[in-house]
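Q: File target19.cif follows (mmCIF, C-alpha atoms):
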```cif
data_protein
loop_
_atom_site.label_atom_id
_atom_site.label_comp_id
_atom_site.auth_asym_id
_atom_site.auth_seq_id
_atom_site.Cartn_x
_atom_site.Cartn_y
_atom_site.Cartn_z
CA MET G 1 -7.19 14.10 -5.88
CA LEU G 2 -10.57 12.65 -5.01
CA GLN G 3 -13.09 12.12 -7.80
CA THR G 4 -16.26 13.33 -6.11
CA ALA G 5 -18.79 16.06 -6.75
CA ILE G 6 -18.25 17.63 -3.35
CA HIS G 7 -15.58 20.28 -2.86
CA GLU G 8 -12.21 18.86 -1.82
CA ILE G 9 -10.23 20.71 0.84
CA GLU G 10 -6.56 20.70 -0.17
CA THR G 11 -4.76 22.37 2.74
CA SER G 12 -4.99 22.47 6.51
CA ASN G 13 -5.22 26.26 6.31
CA GLU G 14 -8.26 25.95 4.05
CA LEU G 15 -9.78 23.46 6.50
CA GLU G 16 -9.25 25.85 9.40
CA LYS G 17 -10.72 28.76 7.45
CA ILE G 18 -13.80 26.74 6.47
CA ILE G 19 -14.61 25.49 9.95
CA ASN G 20 -14.13 28.97 11.39
CA GLU G 21 -16.32 30.68 8.81
CA ASN G 22 -19.19 28.16 8.78
CA GLU G 23 -21.45 27.09 11.62
CA ASN G 24 -22.01 23.49 10.48
CA VAL G 25 -19.36 21.55 8.56
CA MET G 26 -19.02 17.87 7.62
CA VAL G 27 -15.68 16.65 6.25
CA CYS G 28 -15.00 13.14 4.97
CA ALA G 29 -11.29 12.29 4.86
CA GLY G 30 -10.79 9.20 2.74
CA ARG G 31 -9.64 7.64 -0.51
CA MET G 32 -11.50 6.48 -3.62
CA GLY G 33 -12.14 3.13 -1.93
CA PRO G 34 -15.15 0.95 -1.24
CA MET G 35 -15.72 2.16 2.30
CA CYS G 36 -15.36 5.84 1.37
CA ILE G 37 -17.30 6.17 -1.91
CA PRO G 38 -20.72 5.43 -0.34
CA VAL G 39 -20.13 8.20 2.22
CA TYR G 40 -19.21 10.71 -0.52
CA GLU G 41 -22.37 9.75 -2.44
CA VAL G 42 -24.56 10.36 0.59
CA MET G 43 -22.88 13.74 1.09
CA GLU G 44 -23.43 14.64 -2.58
CA GLU G 45 -27.12 13.93 -2.16
CA LEU G 46 -27.46 15.77 1.13
CA GLU G 47 -25.59 18.86 -0.09
CA SER G 48 -28.64 20.15 -1.94
CA GLU G 49 -31.06 19.23 0.85
CA ARG G 50 -29.17 20.47 3.91
CA THR G 51 -28.29 24.02 2.96
CA ASN G 52 -27.39 24.88 6.56
CA ILE G 53 -24.46 22.46 6.39
CA LYS G 54 -21.26 22.69 4.33
CA PHE G 55 -19.99 19.37 2.94
CA PHE G 56 -16.35 18.71 2.05
CA SER G 57 -13.99 15.87 1.23
CA MET G 58 -10.27 15.65 1.96
CA ALA G 59 -7.64 13.18 0.76
CA PHE G 60 -6.77 11.04 3.78
CA ASP G 61 -3.14 10.50 2.76
CA THR G 62 -2.14 14.12 2.29
CA PRO G 63 -0.08 15.55 5.16
CA GLU G 64 -2.56 18.44 5.10
CA ALA G 65 -5.21 16.11 6.56
CA ALA G 66 -3.21 15.73 9.78
CA PRO G 67 -5.65 17.88 11.82
CA ILE G 68 -8.30 15.24 11.13
CA ARG G 69 -6.08 12.13 11.32
CA ASN G 70 -4.58 13.25 14.63
CA ALA G 71 -7.72 14.66 16.23
CA PRO G 72 -8.42 13.29 19.73
CA MET G 73 -11.85 12.09 18.59
CA CYS G 74 -10.15 9.99 15.88
CA ARG G 75 -7.45 8.55 18.16
CA ASN G 76 -8.86 5.02 18.16
CA PHE G 77 -10.00 4.95 14.54
CA MET G 78 -8.84 2.01 12.41
CA GLY G 79 -11.10 2.22 9.39
CA LEU G 80 -11.48 4.58 6.43
CA PRO G 81 -12.96 7.08 5.97
CA PHE G 82 -12.56 9.37 8.98
CA THR G 83 -15.69 11.56 8.89
CA VAL G 84 -15.74 14.57 11.19
CA TYR G 85 -18.39 17.12 12.10
CA TYR G 86 -17.65 20.71 13.20
CA LYS G 87 -20.00 23.11 14.97
CA ASN G 88 -18.80 26.71 15.30
CA GLY G 89 -15.23 25.62 14.66
CA GLN G 90 -15.25 22.77 17.18
CA MET G 91 -15.22 19.08 16.30
CA VAL G 92 -18.40 17.73 17.88
CA HIS G 93 -18.53 14.21 16.43
CA ALA G 94 -16.47 11.78 14.36
CA THR G 95 -17.02 8.35 12.81
CA SER G 96 -14.73 5.69 11.39
CA SER G 97 -15.43 3.41 8.40
CA ILE G 98 -18.47 3.29 6.12
CA GLN G 99 -21.70 4.91 7.30
CA SER G 100 -25.19 4.52 5.90
CA HIS G 101 -27.45 7.34 4.74
CA GLN G 102 -29.51 6.85 7.89
CA GLN G 103 -26.50 6.93 10.21
CA ILE G 104 -25.25 10.17 8.64
CA THR G 105 -28.61 11.93 8.72
CA ASN G 106 -29.06 10.90 12.35
CA ILE G 107 -25.76 12.61 13.19
CA LEU G 108 -26.67 15.72 11.18
CA ASP G 109 -30.05 15.91 12.93
CA LYS G 110 -28.46 15.51 16.35
CA TYR G 111 -25.66 18.05 16.03
CA PHE G 112 -26.76 20.52 13.36
CA GLU G 113 -30.54 20.91 13.68
CA MET Y 1 -49.13 11.17 -13.40
CA ASN Y 2 -45.35 11.37 -13.78
CA ASP Y 3 -43.64 10.30 -16.97
CA ILE Y 4 -43.94 6.60 -17.73
CA TYR Y 5 -40.68 4.82 -18.43
CA ASP Y 6 -40.34 1.83 -20.74
CA VAL Y 7 -37.86 0.14 -18.43
CA MET Y 8 -37.25 0.81 -14.75
CA ILE Y 9 -34.13 -0.84 -13.32
CA LEU Y 10 -33.87 -1.18 -9.56
CA GLY Y 11 -30.18 -1.31 -8.64
CA ALA Y 12 -26.98 0.02 -10.21
CA GLY Y 13 -24.40 -2.72 -9.87
CA PRO Y 14 -22.86 -4.27 -12.98
CA ALA Y 15 -26.12 -6.06 -13.88
CA GLY Y 16 -28.26 -2.93 -13.52
CA LEU Y 17 -25.83 -0.62 -15.29
CA THR Y 18 -25.45 -3.09 -18.16
CA ALA Y 19 -29.23 -3.39 -18.47
CA GLY Y 20 -29.35 0.42 -18.49
CA ILE Y 21 -26.76 0.62 -21.27
CA TYR Y 22 -28.59 -1.91 -23.45
CA SER Y 23 -32.11 -0.63 -22.97
CA SER Y 24 -31.27 3.07 -23.35
CA ARG Y 25 -29.17 2.31 -26.42
CA ALA Y 26 -32.25 0.54 -27.81
CA LYS Y 27 -34.02 3.92 -27.47
CA LEU Y 28 -36.20 2.69 -24.62
CA LYS Y 29 -36.95 5.32 -22.02
CA THR Y 30 -34.93 3.96 -19.12
CA LEU Y 31 -34.61 4.84 -15.45
CA ILE Y 32 -32.21 3.33 -12.92
CA LEU Y 33 -33.09 3.79 -9.25
CA ASN Y 34 -30.29 2.89 -6.86
CA GLU Y 35 -30.35 2.72 -3.08
CA GLY Y 36 -26.60 2.30 -2.43
CA ALA Y 37 -23.37 3.24 -4.13
CA ILE Y 38 -23.25 3.17 -7.94
CA GLY Y 39 -21.41 -0.02 -8.88
CA GLY Y 40 -22.77 -2.13 -6.02
CA GLN Y 41 -20.43 -4.81 -4.75
CA MET Y 42 -18.12 -4.08 -7.70
CA VAL Y 43 -16.74 -0.99 -5.92
CA LEU Y 44 -15.68 -3.26 -3.06
CA THR Y 45 -13.21 -4.85 -5.45
CA ASN Y 46 -9.89 -3.07 -5.44
CA GLU Y 47 -8.38 -5.10 -8.26
CA ILE Y 48 -10.20 -6.53 -11.24
CA ALA Y 49 -7.76 -8.60 -13.25
CA ASN Y 50 -10.06 -11.03 -15.04
CA TYR Y 51 -12.60 -8.84 -16.81
CA PRO Y 52 -12.08 -9.73 -20.47
CA GLY Y 53 -10.80 -6.94 -22.68
CA VAL Y 54 -9.93 -4.68 -19.75
CA GLU Y 55 -6.45 -4.56 -18.27
CA THR Y 56 -6.14 -4.80 -14.49
CA THR Y 57 -8.12 -1.97 -12.93
CA ASN Y 58 -10.29 -1.34 -9.88
CA GLY Y 59 -14.00 -1.66 -9.30
CA PHE Y 60 -14.60 2.06 -8.99
CA MET Y 61 -13.15 2.73 -12.45
CA VAL Y 62 -15.27 0.02 -14.10
CA ALA Y 63 -18.40 1.22 -12.30
CA ASN Y 64 -17.74 4.82 -13.26
CA THR Y 65 -17.25 3.89 -16.92
CA MET Y 66 -20.44 1.79 -16.97
CA LYS Y 67 -22.38 4.67 -15.39
CA LYS Y 68 -21.04 7.11 -18.00
CA GLN Y 69 -21.90 4.72 -20.83
CA ALA Y 70 -25.48 4.36 -19.57
CA LYS Y 71 -25.92 8.13 -19.15
CA ASP Y 72 -24.40 8.85 -22.56
CA PHE Y 73 -27.07 6.64 -24.13
CA GLY Y 74 -29.76 8.66 -22.34
CA CYS Y 75 -30.40 6.51 -19.28
CA HIS Y 76 -31.66 8.45 -16.25
CA ILE Y 77 -29.99 7.46 -12.97
CA LYS Y 78 -31.18 8.43 -9.51
CA SER Y 79 -28.88 7.28 -6.72
CA ASN Y 80 -29.02 7.19 -2.93
CA ILE Y 81 -32.78 6.93 -2.95
CA LYS Y 82 -34.89 4.76 -0.70
CA ILE Y 83 -37.85 2.84 -2.10
CA ASN Y 84 -40.77 2.37 0.27
CA ASN Y 85 -43.46 0.76 -1.88
CA TYR Y 86 -43.40 -1.54 -4.90
CA ASN Y 87 -46.17 -2.38 -7.35
CA LEU Y 88 -44.77 -5.07 -9.62
CA SER Y 89 -47.87 -7.10 -10.39
CA ASP Y 90 -50.00 -4.58 -12.32
CA LYS Y 91 -49.51 -4.01 -16.03
CA LEU Y 92 -48.16 -0.53 -15.22
CA LYS Y 93 -45.46 -1.03 -12.58
CA SER Y 94 -44.59 1.61 -10.02
CA VAL Y 95 -42.40 2.36 -7.03
CA MET Y 96 -42.75 5.07 -4.41
CA LEU Y 97 -39.77 6.63 -2.68
CA ASP Y 98 -39.65 7.63 0.96
CA ASP Y 99 -39.83 11.29 -0.08
CA GLY Y 100 -43.17 10.66 -1.83
CA ARG Y 101 -41.92 10.66 -5.42
CA GLU Y 102 -43.49 7.95 -7.57
CA PHE Y 103 -42.10 6.41 -10.77
CA PHE Y 104 -43.98 4.33 -13.33
CA ALA Y 105 -42.78 1.87 -15.98
CA LYS Y 106 -44.08 -0.72 -18.40
CA SER Y 107 -41.38 -3.19 -17.38
CA VAL Y 108 -39.03 -3.62 -14.45
CA ILE Y 109 -35.60 -5.22 -14.12
CA LEU Y 110 -34.68 -6.15 -10.55
CA THR Y 111 -30.95 -5.80 -9.92
CA PRO Y 112 -30.68 -4.98 -6.20
CA GLY Y 113 -27.48 -7.02 -5.84
CA GLY Y 114 -26.13 -8.32 -2.56
CA LYS Y 115 -24.59 -7.02 0.62
CA PRO Y 116 -21.73 -8.32 2.77
CA ARG Y 117 -22.97 -10.76 5.36
CA SER Y 118 -22.26 -9.65 8.92
CA LEU Y 119 -21.85 -11.92 11.94
CA ASN Y 120 -24.66 -10.24 13.90
CA ILE Y 121 -23.05 -10.97 17.24
CA PRO Y 122 -22.65 -8.69 20.28
CA GLY Y 123 -20.14 -5.88 19.80
CA GLU Y 124 -20.01 -5.97 16.00
CA ASP Y 125 -21.63 -2.56 15.56
CA VAL Y 126 -19.70 -1.08 18.51
CA PHE Y 127 -16.23 -1.87 17.15
CA LYS Y 128 -16.83 -1.25 13.42
CA GLY Y 129 -14.01 1.13 12.50
CA THR Y 130 -12.20 0.64 15.81
CA GLY Y 131 -11.12 -2.94 15.32
CA ILE Y 132 -13.63 -4.59 13.00
CA SER Y 133 -13.28 -4.14 9.24
CA TYR Y 134 -14.69 -5.58 6.03
CA CYS Y 135 -11.99 -4.27 3.65
CA ALA Y 136 -8.35 -5.39 3.85
CA THR Y 137 -7.00 -2.95 1.30
CA CYS Y 138 -8.82 -0.02 2.97
CA ASP Y 139 -7.83 -0.63 6.56
CA GLY Y 140 -4.94 -3.12 6.57
CA GLU Y 141 -2.26 -0.54 7.28
CA PHE Y 142 -3.98 0.51 10.53
CA PHE Y 143 -3.02 -2.93 11.85
CA THR Y 144 0.71 -2.82 11.16
CA ASP Y 145 2.51 -5.14 13.62
CA LYS Y 146 -0.84 -6.04 15.21
CA GLU Y 147 -2.52 -9.42 15.71
CA LEU Y 148 -5.51 -10.08 13.50
CA ILE Y 149 -8.31 -12.56 13.00
CA VAL Y 150 -9.91 -13.17 9.61
CA VAL Y 151 -13.33 -14.80 9.68
CA GLY Y 152 -14.34 -16.92 6.69
CA GLY Y 153 -13.27 -19.78 4.49
CA GLY Y 154 -13.97 -18.69 0.92
CA ASN Y 155 -11.69 -17.17 -1.70
CA SER Y 156 -12.13 -13.62 -0.37
CA ALA Y 157 -11.25 -14.62 3.20
CA LEU Y 158 -8.10 -16.53 2.30
CA GLU Y 159 -6.84 -14.08 -0.32
CA GLU Y 160 -7.44 -11.09 1.95
CA ALA Y 161 -5.77 -12.93 4.85
CA VAL Y 162 -2.61 -13.33 2.78
CA THR Y 163 -2.80 -9.63 1.82
CA LEU Y 164 -3.15 -8.65 5.49
CA THR Y 165 0.05 -10.50 6.46
CA LYS Y 166 1.91 -7.62 4.77
CA TYR Y 167 0.87 -5.59 7.82
CA ALA Y 168 -0.01 -7.97 10.66
CA SER Y 169 2.50 -9.57 13.00
CA LYS Y 170 0.28 -12.65 13.27
CA LEU Y 171 -3.03 -13.66 11.73
CA THR Y 172 -5.51 -16.37 12.64
CA ILE Y 173 -8.20 -17.56 10.26
CA VAL Y 174 -11.37 -18.68 12.05
CA HIS Y 175 -13.67 -20.87 9.96
CA GLN Y 176 -16.86 -22.70 10.87
CA PHE Y 177 -16.18 -25.86 8.86
CA ASP Y 178 -13.35 -28.42 8.91
CA LYS Y 179 -12.32 -27.53 5.36
CA PHE Y 180 -12.23 -24.39 3.24
CA GLN Y 181 -14.53 -23.49 0.34
CA ALA Y 182 -11.78 -21.48 -1.36
CA PHE Y 183 -9.91 -22.68 -4.43
CA GLU Y 184 -7.00 -24.97 -3.61
CA HIS Y 185 -4.33 -22.49 -4.73
CA ALA Y 186 -5.69 -19.90 -2.28
CA VAL Y 187 -5.78 -22.46 0.54
CA GLN Y 188 -2.19 -23.54 -0.14
CA GLU Y 189 -0.97 -19.95 -0.28
CA ALA Y 190 -2.51 -19.29 3.13
CA LYS Y 191 -1.20 -22.54 4.61
CA ASN Y 192 2.31 -21.82 3.37
CA ASN Y 193 2.33 -18.35 4.98
CA PRO Y 194 4.28 -18.54 8.26
CA LYS Y 195 2.25 -15.71 9.82
CA ILE Y 196 -1.09 -17.52 9.43
CA ASP Y 197 -2.66 -19.94 11.92
CA PHE Y 198 -6.03 -21.64 11.66
CA ILE Y 199 -8.89 -22.28 14.07
CA MET Y 200 -11.31 -24.64 12.34
CA GLU Y 201 -14.89 -25.69 13.16
CA SER Y 202 -15.28 -22.55 15.24
CA GLU Y 203 -17.33 -19.36 15.25
CA LEU Y 204 -16.93 -15.97 16.92
CA ARG Y 205 -19.52 -15.30 19.60
CA GLY Y 206 -18.70 -11.78 20.79
CA PHE Y 207 -16.39 -8.74 20.56
CA PHE Y 208 -15.04 -7.05 23.68
CA GLY Y 209 -12.93 -3.99 24.54
CA ASN Y 210 -13.07 -0.45 25.82
CA ASN Y 211 -12.40 2.20 23.20
CA THR Y 212 -11.00 -0.34 20.76
CA LEU Y 213 -11.41 -4.05 20.18
CA GLU Y 214 -9.32 -6.06 22.62
CA LYS Y 215 -10.57 -9.64 22.52
CA VAL Y 216 -13.12 -12.01 21.05
CA SER Y 217 -14.88 -15.10 22.28
CA ILE Y 218 -14.74 -18.18 20.05
CA GLU Y 219 -16.91 -21.29 20.23
CA HIS Y 220 -15.49 -24.62 19.09
CA LEU Y 221 -18.60 -26.02 17.43
CA PRO Y 222 -18.12 -29.79 17.95
CA THR Y 223 -17.54 -29.40 21.71
CA GLY Y 224 -19.36 -26.13 22.47
CA LYS Y 225 -16.29 -24.96 24.41
CA ILE Y 226 -15.90 -21.17 24.44
CA THR Y 227 -12.48 -19.55 24.73
CA GLU Y 228 -11.33 -15.95 24.67
CA LYS Y 229 -8.57 -14.65 22.43
CA SER Y 230 -6.80 -11.30 22.60
CA VAL Y 231 -6.74 -9.58 19.24
CA ASP Y 232 -6.24 -6.08 17.78
CA GLY Y 233 -8.46 -6.42 14.74
CA VAL Y 234 -10.98 -8.70 13.03
CA PHE Y 235 -11.68 -8.74 9.29
CA ILE Y 236 -14.94 -10.40 8.26
CA PHE Y 237 -15.34 -12.08 4.85
CA ILE Y 238 -18.27 -14.48 5.08
CA GLY Y 239 -20.05 -13.97 1.80
CA TYR Y 240 -23.05 -12.01 0.65
CA LEU Y 241 -26.81 -11.90 1.14
CA PRO Y 242 -29.23 -11.01 -1.67
CA ASN Y 243 -30.77 -7.54 -1.26
CA THR Y 244 -34.29 -8.91 -1.63
CA GLU Y 245 -35.67 -8.16 1.82
CA LYS Y 246 -38.26 -5.68 0.54
CA ILE Y 247 -39.35 -7.64 -2.55
CA LYS Y 248 -39.15 -11.27 -1.44
CA ASN Y 249 -42.92 -11.37 -0.84
CA LEU Y 250 -43.74 -9.80 -4.21
CA VAL Y 251 -41.77 -12.06 -6.55
CA ALA Y 252 -40.93 -15.76 -6.44
CA VAL Y 253 -37.76 -16.50 -4.45
CA ASN Y 254 -36.04 -19.64 -3.18
CA GLU Y 255 -35.26 -20.58 0.44
CA LYS Y 256 -32.26 -18.20 0.40
CA ASN Y 257 -34.48 -15.31 -0.77
CA GLU Y 258 -32.77 -15.34 -4.18
CA ILE Y 259 -35.09 -14.38 -7.05
CA LEU Y 260 -36.05 -17.24 -9.36
CA THR Y 261 -35.60 -16.55 -13.08
CA ASP Y 262 -35.69 -18.51 -16.31
CA GLU Y 263 -32.98 -18.42 -18.99
CA ASP Y 264 -34.41 -15.14 -20.33
CA MET Y 265 -34.15 -13.58 -16.84
CA LYS Y 266 -37.96 -13.55 -16.55
CA THR Y 267 -39.43 -13.78 -13.05
CA ASN Y 268 -42.86 -15.20 -12.25
CA LEU Y 269 -44.37 -11.72 -12.81
CA GLU Y 270 -45.21 -10.56 -16.33
CA GLY Y 271 -42.91 -7.74 -17.40
CA VAL Y 272 -40.59 -8.18 -14.43
CA PHE Y 273 -37.06 -9.46 -14.98
CA ALA Y 274 -34.10 -9.95 -12.63
CA ALA Y 275 -30.32 -10.18 -12.96
CA GLY Y 276 -27.10 -10.14 -10.96
CA ASP Y 277 -26.32 -11.25 -7.42
CA CYS Y 278 -29.99 -11.17 -6.35
CA ILE Y 279 -30.97 -14.19 -8.46
CA ALA Y 280 -30.63 -17.89 -7.69
CA LYS Y 281 -27.43 -19.07 -9.35
CA LYS Y 282 -24.13 -20.76 -8.60
CA TYR Y 283 -21.47 -18.29 -9.74
CA ARG Y 284 -21.35 -14.62 -8.76
CA GLN Y 285 -18.92 -12.68 -10.91
CA ILE Y 286 -18.98 -9.28 -12.60
CA THR Y 287 -18.95 -11.09 -15.94
CA THR Y 288 -22.00 -13.19 -15.06
CA ALA Y 289 -23.89 -10.13 -13.77
CA VAL Y 290 -23.09 -8.22 -16.96
CA ALA Y 291 -24.30 -11.14 -19.09
CA GLU Y 292 -27.55 -11.42 -17.13
CA GLY Y 293 -28.11 -7.68 -17.30
CA THR Y 294 -27.75 -7.88 -21.07
CA ILE Y 295 -30.25 -10.74 -21.33
CA ALA Y 296 -32.71 -9.00 -19.01
CA ALA Y 297 -32.62 -5.80 -21.08
CA LEU Y 298 -33.08 -7.66 -24.35
CA SER Y 299 -35.95 -9.68 -22.85
CA ALA Y 300 -37.59 -6.51 -21.56
CA ALA Y 301 -37.27 -4.96 -25.02
CA GLU Y 302 -38.91 -8.00 -26.57
CA PHE Y 303 -41.67 -7.92 -23.96
CA LEU Y 304 -42.36 -4.25 -24.75
CA ARG Y 305 -42.35 -4.88 -28.51
CA ILE Y 306 -44.91 -7.68 -28.19
CA ASN Y 307 -47.12 -5.88 -25.70
CA ASN Y 308 -47.07 -2.33 -27.08
#
```
Go ahead and express the file in the form of structure tokens.
A:
Amino acid sequence: MLQTAIHEIETSNELEKIINENENVMVCAGRMGPMCIPVYEVMEELESERTNIKFFSMAFDTPEAAPIRNAPMCRNFMGLPFTVYYKNGQMVHATSSIQSHQQITNILDKYFE
Amino acid sequence: MNDIYDVMILGAGPAGLTAGIYSSRAKLKTLILNEGAIGGQMVLTNEIANYPGVETTNGFMVANTMKKQAKDFGCHIKSNIKINNYNLSDKLKSVMLDDGREFFAKSVILTPGGKPRSLNIPGEDVFKGTGISYCATCDGEFFTDKELIVVGGGNSALEEAVTLTKYASKLTIVHQFDKFQAFEHAVQEAKNNPKIDFIMESELRGFFGNNTLEKVSIEHLPTGKITEKSVDGVFIFIGYLPNTEKIKNLVAVNEKNEILTDEDMKTNLEGVFAAGDCIAKKYRQITTAVAEGTIAALSAAEFLRINN
């Protein structure tokens, strides 16, 4: 269980439902660790500003996060968290390890605006 | 004009949060503005075993408790903001955020903390997360049975290197000097580990690979000879830089851009105090930051009492 203010996806079925029902989705799969917490905090802040995007977290170690861990875009990743971006149900971008506020907003602007 | 705070604290690491606890508990109207993650460098610490009165825990838990304590005493905290302009020299201090919001205060405590130093060499940004890491406990398991390099020679570098040998098949520590800065027990533990080799008096010059990191170039400093070494991952632990880039021209700093303070945490500016990893000092610990945050808050309270 992640201790963040953003909604945590608990099952792969829920993940699939969310990305199919929402145009723009950002999911951060991580732990409560030093590389992940800053990303959650940026998402918490952006959630109220970017109403066209749905923000979610997911526990990296749960087997239910396999669709993210095993995604082709994440194949070479070797740093937590795995942060993925979906547009109309398709994964359009993914990043590994800590990201700054600026890096995240640049991605949101590029893929979701 | 917006509300005027008694104390505005810039940064929410252990020094800033402690200052927030003390000043809000003293019934001073207190605001903490924080650009990064609440807890600062403290949340990079996965195990805190030497914080007096607290059994072994992690940095996130301590940071979360400090934040709750500050808020419970009435401290306002705004996180993940970006400050564009500072006015620290006038009697009424102010900062302006990048979204145009402006905050005013009668006193300011600077606690921007520090940030991990990066190597700033070609390829570092490219392979972050695909071979380069700054956190052994976060990413170590991705390198199970892989060959690693750890860069650095302080306590963090050597202790994390030993931790990483739980996963790595082989690990090489690359250090720029001919001896380590770490405590002797940490050096001996690393030297006694059969998986660890050492390349001394050397620095990395570049990272190379396709989709993932595959090799690095290393310069032997005394001779200037550059060699290449195949590697699966590099962990970088080369200390911290003070987060004073935006204020170093507004307040007195030393040659390392660390803020100069007296024993009461006063800076050269009236009503401006500083504490934590941003100030010029020898030891950087959570306990020292907490102590300085306490002193800064008490000094700010005294300043306000005399000047109100």
Q: Taking a cut-off of 7 Å and counting all atoms listed in the file, can you build a table that, for each residue of chain G near chain Y, reports the nearest atom pair and how far apart they are in Å (one decimal), sorted by chain then residue number, as CSV?
A:
```
residue,atom,partner,partner_atom,distance
G:Gly33,CA,Y:Cys138,CA,6.7
G:Pro34,CA,Y:Leu44,CA,4.6
G:Pro38,CA,Y:Ala37,CA,5.1
G:Glu41,CA,Y:Ala37,CA,6.8
G:Val42,CA,Y:Asn80,CA,6.5
G:Asn76,CA,Y:Thr130,CA,6.0
G:Phe77,CA,Y:Thr130,CA,5.0
G:Met78,CA,Y:Thr130,CA,5.0
G:Gly79,CA,Y:Gly129,CA,4.4
G:Leu80,CA,Y:Cys138,CA,6.3
G:Ser96,CA,Y:Gly129,CA,4.7
G:Ser97,CA,Y:Gly129,CA,4.9
```
Q: For region 21-25 of chain G, work out the shell of residues within 9 Å, counting only C-alpha atoms and skipping chain neighbours fewer than 5 positions away, then give it as a list in words.
A: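 Listed by chain and then number, they are Glu16, Asn52, Ile53, Lys54, Phe55, Phe56, Val84, Tyr85, Tyr86, Lys87, Asn88, Gly89, Tyr111 and Phe112 of chain G.
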Q: Centre and edge lengths of an axis-aligned box around all listed atoms of region 78-95 of chain G, with 8 Å added on each side, are to be given in Å to one decimal, as lines of an AutoDock Vina configuration file.
A:
```
center_x = -14.4
center_y = 14.4
center_z = 11.9
size_x = 27.2
size_y = 40.7
size_z = 27.9
```
Q: In Å, how far is it from CA of Phe198 (chain Y) to CA of Ile98 (chain G)?
A: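 Value for the CA of Phe198 (chain Y)-CA of Ile98 (chain G) distance: 28.4 Å.
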Q: Apply the PyMOL selection byres ((chain Y and resi 203) around 10) to the file shown and report the selected residues as a ChimeraX atom specification.
A: /Y:119,151-152,174-177,199-202,204-206,217-221,226
Q: List the residues selected by the PyMOL selection byres ((chain Y and resi 92-94) around 8) in the file shown, writing them as a list in words.
A: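 When the PyMOL selection byres ((chain Y and resi 92-94) around 8) is applied to the shown file, the picked residues are Tyr86, Asn87, Leu88, Ser89, Asp90, Lys91, Val95, Met96, Glu102, Phe103, Phe104, Ala105, Lys106, Ser107 and Val108 of chain Y.
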Q: Can you tell me how far CA of Ile295 (chain Y) sits from CA of Glu263 (chain Y), in Å to one decimal?
A: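 Computing it gives 8.5 Å between the two atoms.
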Q: At what distance in Å, to one decimal, does CA of Asp277 (chain Y) lie from CA of Arg25 (chain Y)?
A: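 Computed distance, CA of Arg25 (chain Y) to CA of Asp277 (chain Y), equals 23.5 Å.
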Q: Using all atoms listed in the file, can you tell me which of Y:Glu228, Y:Lys115, Y:Leu33, Y:Ala12 comes closest to Asn243 (chain Y)?
A: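 Residue with the minimum atom-to-atom distance to Asn243 (chain Y): Y:Lys115.
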Q: For Leu148 (chain Y), work out the shell of residues within 7 Å, counting only C-alpha atoms and skipping chain neighbours fewer than 4 positions away, then give it as a ChimeraX atom specification.
A: /Y:168,170-172,231-234
Q: Which residues, written as a list in words, have at least one atom at most 9 Å from Ala301 (chain Y), with only C-alpha atoms counted and residues fewer than 2 positions away on the same chain left out?
A: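 Answer for this query is Asp6, Val7, Ser23, Ala26, Leu28, Ser107, Ala296, Ala297, Leu298, Ser299, Phe303, Leu304, Arg305 and Ile306 of chain Y.
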Q: Any chance you can output those residues with C-alpha atoms as a PDB file, keeping the file's coordinate frame?
A:
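Generated output (result-v3.pdb):
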```pdb
ATOM      1  CA  ASP Y   6     -40.340   1.830 -20.740  1.00  0.00           C
ATOM      2  CA  VAL Y   7     -37.860   0.140 -18.430  1.00  0.00           C
ATOM      3  CA  SER Y  23     -32.110  -0.630 -22.970  1.00  0.00           C
ATOM      4  CA  ALA Y  26     -32.250   0.540 -27.810  1.00  0.00           C
ATOM      5  CA  LEU Y  28     -36.200   2.690 -24.620  1.00  0.00           C
ATOM      6  CA  SER Y 107     -41.380  -3.190 -17.380  1.00  0.00           C
ATOM      7  CA  ALA Y 296     -32.710  -9.000 -19.010  1.00  0.00           C
ATOM      8  CA  ALA Y 297     -32.620  -5.800 -21.080  1.00  0.00           C
ATOM      9  CA  LEU Y 298     -33.080  -7.660 -24.350  1.00  0.00           C
ATOM     10  CA  SER Y 299     -35.950  -9.680 -22.850  1.00  0.00           C
ATOM     11  CA  PHE Y 303     -41.670  -7.920 -23.960  1.00  0.00           C
ATOM     12  CA  LEU Y 304     -42.360  -4.250 -24.750  1.00  0.00           C
ATOM     13  CA  ARG Y 305     -42.350  -4.880 -28.510  1.00  0.00           C
ATOM     14  CA  ILE Y 306     -44.910  -7.680 -28.190  1.00  0.00           C
TER      15      ILE Y 306
END
```
Q: Specify as a PyMOL selection string each residue included when the PyMOL selection byres ((chain G and resi 72) around 12) is applied to this file.
A: chain G and resi 66-71+73-77+84+90-94
Q: Please provide as a count of residues only all residues within 12 Å of Ile77 (chain Y), with the sequence filter that same-chain residues fewer than 3 positions apart are discarded (counting all atoms listed in the file).
A: 30
Q: Could you give me, as a compact mmCIF listing (two decimals) with C-alpha atoms, keeping the file's coordinate frame, the residues that sit within 10 Å of (-7.6, 20.9, 7.9) in the file's coordinates, counting all atoms listed in the file?
A:
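Contents of the output file out26.txt:
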```txt
# COMPACT_ATOMS: atom_id res chain seq x y z
CA ILE G 9 -10.23 20.71 0.84
CA GLU G 10 -6.56 20.70 -0.17
CA THR G 11 -4.76 22.37 2.74
CA SER G 12 -4.99 22.47 6.51
CA ASN G 13 -5.22 26.26 6.31
CA GLU G 14 -8.26 25.95 4.05
CA LEU G 15 -9.78 23.46 6.50
CA GLU G 16 -9.25 25.85 9.40
CA LYS G 17 -10.72 28.76 7.45
CA ILE G 18 -13.80 26.74 6.47
CA ILE G 19 -14.61 25.49 9.95
CA VAL G 27 -15.68 16.65 6.25
CA ALA G 29 -11.29 12.29 4.86
CA MET G 58 -10.27 15.65 1.96
CA PRO G 63 -0.08 15.55 5.16
CA GLU G 64 -2.56 18.44 5.10
CA ALA G 65 -5.21 16.11 6.56
CA ALA G 66 -3.21 15.73 9.78
CA PRO G 67 -5.65 17.88 11.82
CA ILE G 68 -8.30 15.24 11.13
CA ARG G 69 -6.08 12.13 11.32
```
